[in-house]
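Below is one structure, written out as structure tokens, with a few remarks after it.
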Amino acid sequence: MLTTAQDLPKSIDETLSLLAGAGYIADRSLATVLFLSLTMKRPLFLEGEAGVGKTEIAKVLSQCLGRRLIRLQCYEGLDIASAVYEWNYAAQMIEIRAAEASGIQDRESLSRDVYDPKFLIRRPLLQALEQDQTQGAPVLLIDELDRTDEAFEAFLLEVLSDNQITIPELGTIRAEQPPLVIVTTNRTREIHDALKRRCLYHWVDYPSAERELAIVEAKCPGAGETLSREVVAFVQRLRDEELFKNPGVAETLDWITALMELDQLALDPDVISDTLGVLLKYQDDIARMEGSRINEILTDIRKDLDGVE
């Protein structure tokens with residue numbers, strides 16, 4: 001449930017505090033570009049590997065600002081009818097039949113009636129532009145844009161640059177206040193420069209060990225210090241193993257949650273082996289890590305952690 005819309009942060013430090021209050025531990029560079037995006041009313045284009053927290057930023061913004069989150073999940077074949085609007089043809093047909101039954105023959109009048117906004121089915125992009133402004137501009141998440149094709153990218157240019165959409169039968173619909181737009185991509189293909197120029201850009205990298213530990217402590221406070229530190233150190237070391245797909249922050253949180261469900265207070269080679277599927281999503285990666293490699297990494301990280309202490 002949304003709370004009353006909150007004012008936008010007035011500084012980078014306020015932005016950091018706002019995110020931290022909702023459990024999102026951002027580094028200063030991300031907070032800076034987010035603050036500028038909100039201040040300059042420009043879309044924020046976030047690129048990075050899957051699972052590093054790009055989508056989560058939009059959810060956190062919606063939560064801590066008390067704004068509605070409108071999500072457009074992109075996929076191959078996404079078209080305007082699914083992303084923007086389509087006409088309710090069944091209702092229009094009923095309107096036509098009713099007009100014919102009542103003897104109305106004026107075609108122009110009938111055409112105006114069937115293209116009334118009441119017959120419009122509003123999809124996420126149109127919803128974002130028509131949002132009730134008394135609740136504040138919504139957060140519009142355009143997630144995994146790289147899954148769509150270039151034609152849809154081109155369509156987005158009008159939305160991102162002018163905060164408007166043109167519907168041939170109705171004209172141009174423009175937002176009273178621009179939505180707070182977050183665009184994400186996992187970089188499975190390059191996005192055209194024309195779209196990037198309309199946004200502020202930021203590459204979201206894997207977090208440092210210190211920041212990932214802070215994220216774990218914020219999200220999983222019951223994990224305990226030893227388990228939290230060992231899990232973070234283990235995951236950080238895995239990212240140096242040249243795996244096909246490195247674990248993201250989302251997988252770190254899933255893994256430590258799974259270990260807590262198993263009542264683990266610290267890492268154990270057998271439990272690591274049994275739970276690698278929570279952390280790694282490709283069999284080749286799991287096979288690469290199973291066996292003696294797990295013991296080697298666990299021994300190394302414990303030496304490092306003991307050295308820190």
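Residues are named by chain letter and number: chains run A, B, ... in the order of the structure tokens, numbers start at 1 in each chain, and ligands are numbered from 1 in the order shown.
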Quick one: everything within 9 Å of Cys199 of chain A, counting only C-alpha atoms, minus sequence neighbours fewer than 5 positions away in the same chain. Send it as a PDB file with C-alpha atoms, in the first residue's frame.
```
ATOM      1  CA  SER A  37      18.110  12.002 -12.708  1.00  0.00           C
ATOM      2  CA  ARG A  42      15.719  12.769 -17.022  1.00  0.00           C
ATOM      3  CA  PRO A  43      15.321   8.987 -17.381  1.00  0.00           C
ATOM      4  CA  LEU A  44      18.031   6.908 -15.710  1.00  0.00           C
ATOM      5  CA  PHE A  45      19.536   4.172 -17.890  1.00  0.00           C
ATOM      6  CA  LEU A 160      11.534   9.452 -23.039  1.00  0.00           C
ATOM      7  CA  SER A 161      12.304  12.837 -24.612  1.00  0.00           C
ATOM      8  CA  VAL A 183      15.423   1.853 -17.777  1.00  0.00           C
TER       9      VAL A 183
END
```
If we count only C-alpha atoms and set the cut-off at 9 Å, which residues sit around Gly77 of chain A, ignoring sequence neighbours fewer than 4 positions away in its own chain? Please answer as a PDB file with C-alpha atoms, in the first residue's frame.
```pdb
ATOM      1  CA  ARG A 147      14.949  -8.036 -24.836  1.00  0.00           C
ATOM      2  CA  THR A 148      12.877  -5.911 -27.253  1.00  0.00           C
ATOM      3  CA  ASP A 149      13.672  -5.037 -30.860  1.00  0.00           C
ATOM      4  CA  PHE A 152      10.187  -0.613 -30.080  1.00  0.00           C
TER       5      PHE A 152
END
```
Extract, using only C-alpha atoms, all DNA, RNA and protein residues at most 12 Å from Ile167 of chain A, discarding same-chain residues fewer than 6 positions from it, and format them as a list in words.
Ile80, Ala81, Val84, Tyr85, Glu86, Trp87, Tyr115, Asp116, Pro117, Leu120, Arg122, Leu126, Ile173 and Arg174 of chain A
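Within segment 143-259 of chain A, the backbone-based DSSP assignment of strand (DSSP E) covers Asp143, Gln164, Ile165, Thr166, Ile167, Gly171, Thr172, Ile173, Arg174, Leu180, Val181, Ile182, Val183, Thr184, Thr185, Leu200, Tyr201, His202 and Trp203 of chain A.
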For the residues in the current selection, export C-alpha atoms as a PDB file, in the first residue's frame.
```pdb
ATOM      1  CA  ASP A 143      12.857  -3.447 -17.367  1.00  0.00           C
ATOM      2  CA  GLN A 164       4.111  12.122 -24.472  1.00  0.00           C
ATOM      3  CA  ILE A 165       2.421   9.539 -26.658  1.00  0.00           C
ATOM      4  CA  THR A 166       0.493  10.134 -29.844  1.00  0.00           C
ATOM      5  CA  ILE A 167      -2.686   8.130 -30.418  1.00  0.00           C
ATOM      6  CA  GLY A 171      -4.130  13.110 -30.526  1.00  0.00           C
ATOM      7  CA  THR A 172      -1.125  13.620 -28.275  1.00  0.00           C
ATOM      8  CA  ILE A 173      -1.291  12.732 -24.586  1.00  0.00           C
ATOM      9  CA  ARG A 174       1.359  14.459 -22.464  1.00  0.00           C
ATOM     10  CA  LEU A 180      10.479   8.988 -12.677  1.00  0.00           C
ATOM     11  CA  VAL A 181      11.845   6.642 -15.313  1.00  0.00           C
ATOM     12  CA  ILE A 182      14.307   3.800 -14.689  1.00  0.00           C
ATOM     13  CA  VAL A 183      15.423   1.853 -17.777  1.00  0.00           C
ATOM     14  CA  THR A 184      17.420  -1.348 -17.241  1.00  0.00           C
ATOM     15  CA  THR A 185      19.332  -3.607 -19.591  1.00  0.00           C
ATOM     16  CA  LEU A 200      21.551   9.612 -17.795  1.00  0.00           C
ATOM     17  CA  TYR A 201      23.724   6.496 -17.910  1.00  0.00           C
ATOM     18  CA  HIS A 202      25.214   4.388 -15.140  1.00  0.00           C
ATOM     19  CA  TRP A 203      26.935   1.001 -15.148  1.00  0.00           C
TER      20      TRP A 203
END
```
For Glu169 of chain A, which residue out of A:Glu190, A:Asp146, A:Gln127, A:Val114 is the nearest one, using only C-alpha atoms?
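The answer is A:Val114, which sits nearest to Glu169 of chain A.
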Pick from A:Asp13, A:Glu241, A:Glu261, A:Glu144 nearest to Arg288 of chain A, counting only C-alpha atoms
A:Glu241
Would you please work out which residue, of A:Ser17, A:Gln236, A:Thr226, A:Ser292, is nearest to Leu265 of chain A when using only C-alpha atoms?
A:Thr226
Please, which residues of segment 36-81 of chain A, numbered as in this document, come out alpha helix (DSSP H) from DSSP, as JSON, numbers by chain?
{"A": [36, 37, 38, 39, 40, 54, 55, 56, 57, 58, 59, 60, 61, 62, 63, 64, 65, 80, 81]}
Check the smallest atom-to-atom distance from each of A:Leu156, A:Cys64, A:Leu238, A:Ile297 to Leu280 of chain A using only C-alpha atoms, then report the winner.
A:Leu238
Please identify all polymer residues within 12 Å of Ser82 of chain A, counting only C-alpha atoms, omitting same-chain residues fewer than 6 positions from it, and present them as a list in words.
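Contacts, with the query itself left out: Leu72, Gln73, Cys74, Tyr75, Glu76, Ile121, Arg122, Arg123, Pro124, Leu125, Leu126 and Phe152 of chain A.
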For Glu290 of chain A, find every residue with an atom within 8 Å (counting only C-alpha atoms), except residues of its own chain fewer than 4 positions away, and show them as number ranges by chain.
A: 273, 286, 294
With only C-alpha atoms as the counted atoms, please give the residues lying no more than 7 Å from Val216 of chain A, apart from itself and same-chain residues fewer than 3 positions off, as a PyMOL selection string.
chain A and resi 212-213+219-220+228+253
Could you write out that same residue set with all heavy atoms as a CSV table (one decimal), in the first residue's frame?
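Saved the output as result_25.csv:
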```
chain,number,residue,atom,x,y,z
A,212,GLU,N,28.8,-5.3,-0.2
A,212,GLU,CA,28.0,-6.5,-0.2
A,212,GLU,C,27.7,-7.0,1.2
A,212,GLU,O,26.5,-7.5,1.5
A,212,GLU,CB,28.6,-7.6,-1.0
A,212,GLU,CG,27.7,-8.8,-1.3
A,212,GLU,CD,28.1,-9.6,-2.5
A,212,GLU,OE1,29.3,-9.6,-2.8
A,212,GLU,OE2,27.3,-10.2,-3.1
A,213,LEU,N,28.6,-6.9,2.1
A,213,LEU,CA,28.4,-7.3,3.5
A,213,LEU,C,27.3,-6.4,4.1
A,213,LEU,O,26.5,-6.8,4.9
A,213,LEU,CB,29.7,-7.2,4.3
A,213,LEU,CG,29.6,-7.6,5.8
A,213,LEU,CD1,29.1,-9.1,5.9
A,213,LEU,CD2,31.0,-7.5,6.5
A,219,LYS,N,19.6,-6.8,4.7
A,219,LYS,CA,18.6,-7.7,4.2
A,219,LYS,C,18.4,-8.9,5.0
A,219,LYS,O,17.2,-9.4,5.1
A,219,LYS,CB,18.9,-8.1,2.7
A,219,LYS,CG,18.9,-6.9,1.7
A,219,LYS,CD,17.4,-6.4,1.5
A,219,LYS,CE,17.4,-5.4,0.4
A,219,LYS,NZ,16.0,-4.9,0.1
A,220,CYS,N,19.4,-9.4,5.6
A,220,CYS,CA,19.3,-10.7,6.4
A,220,CYS,C,20.0,-10.5,7.7
A,220,CYS,O,21.0,-11.0,8.0
A,220,CYS,CB,20.0,-11.8,5.6
A,220,CYS,SG,19.4,-12.1,4.0
A,228,SER,N,27.6,-14.4,7.6
A,228,SER,CA,27.5,-13.3,6.7
A,228,SER,C,28.9,-13.0,6.0
A,228,SER,O,29.0,-12.8,4.8
A,228,SER,CB,27.0,-12.0,7.4
A,228,SER,OG,25.7,-12.2,7.9
A,253,LEU,N,21.9,-13.1,-1.6
A,253,LEU,CA,20.9,-13.0,-0.6
A,253,LEU,C,20.0,-14.3,-0.6
A,253,LEU,O,19.6,-14.8,0.5
A,253,LEU,CB,20.0,-11.8,-0.9
A,253,LEU,CG,20.6,-10.5,-0.8
A,253,LEU,CD1,19.7,-9.3,-1.2
A,253,LEU,CD2,21.1,-10.2,0.6
```
If you count only C-alpha atoms, the residue of A:Ala151, A:Val159, A:Ala223, A:Leu279 closest to Arg239 of chain A turns out to be A:Leu279
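Once segment 249-252 of chain A and its same-chain neighbours fewer than 3 positions away are set aside, Gly51, Val52, Trp255 and Leu279 of chain A remain within 6 Å of it when counting only C-alpha atoms.
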One residue among A:Leu243, A:Thr257, A:Ile142, A:Thr188 is nearest to Lys281 of chain A when using only C-alpha atoms, and that residue is A:Leu243
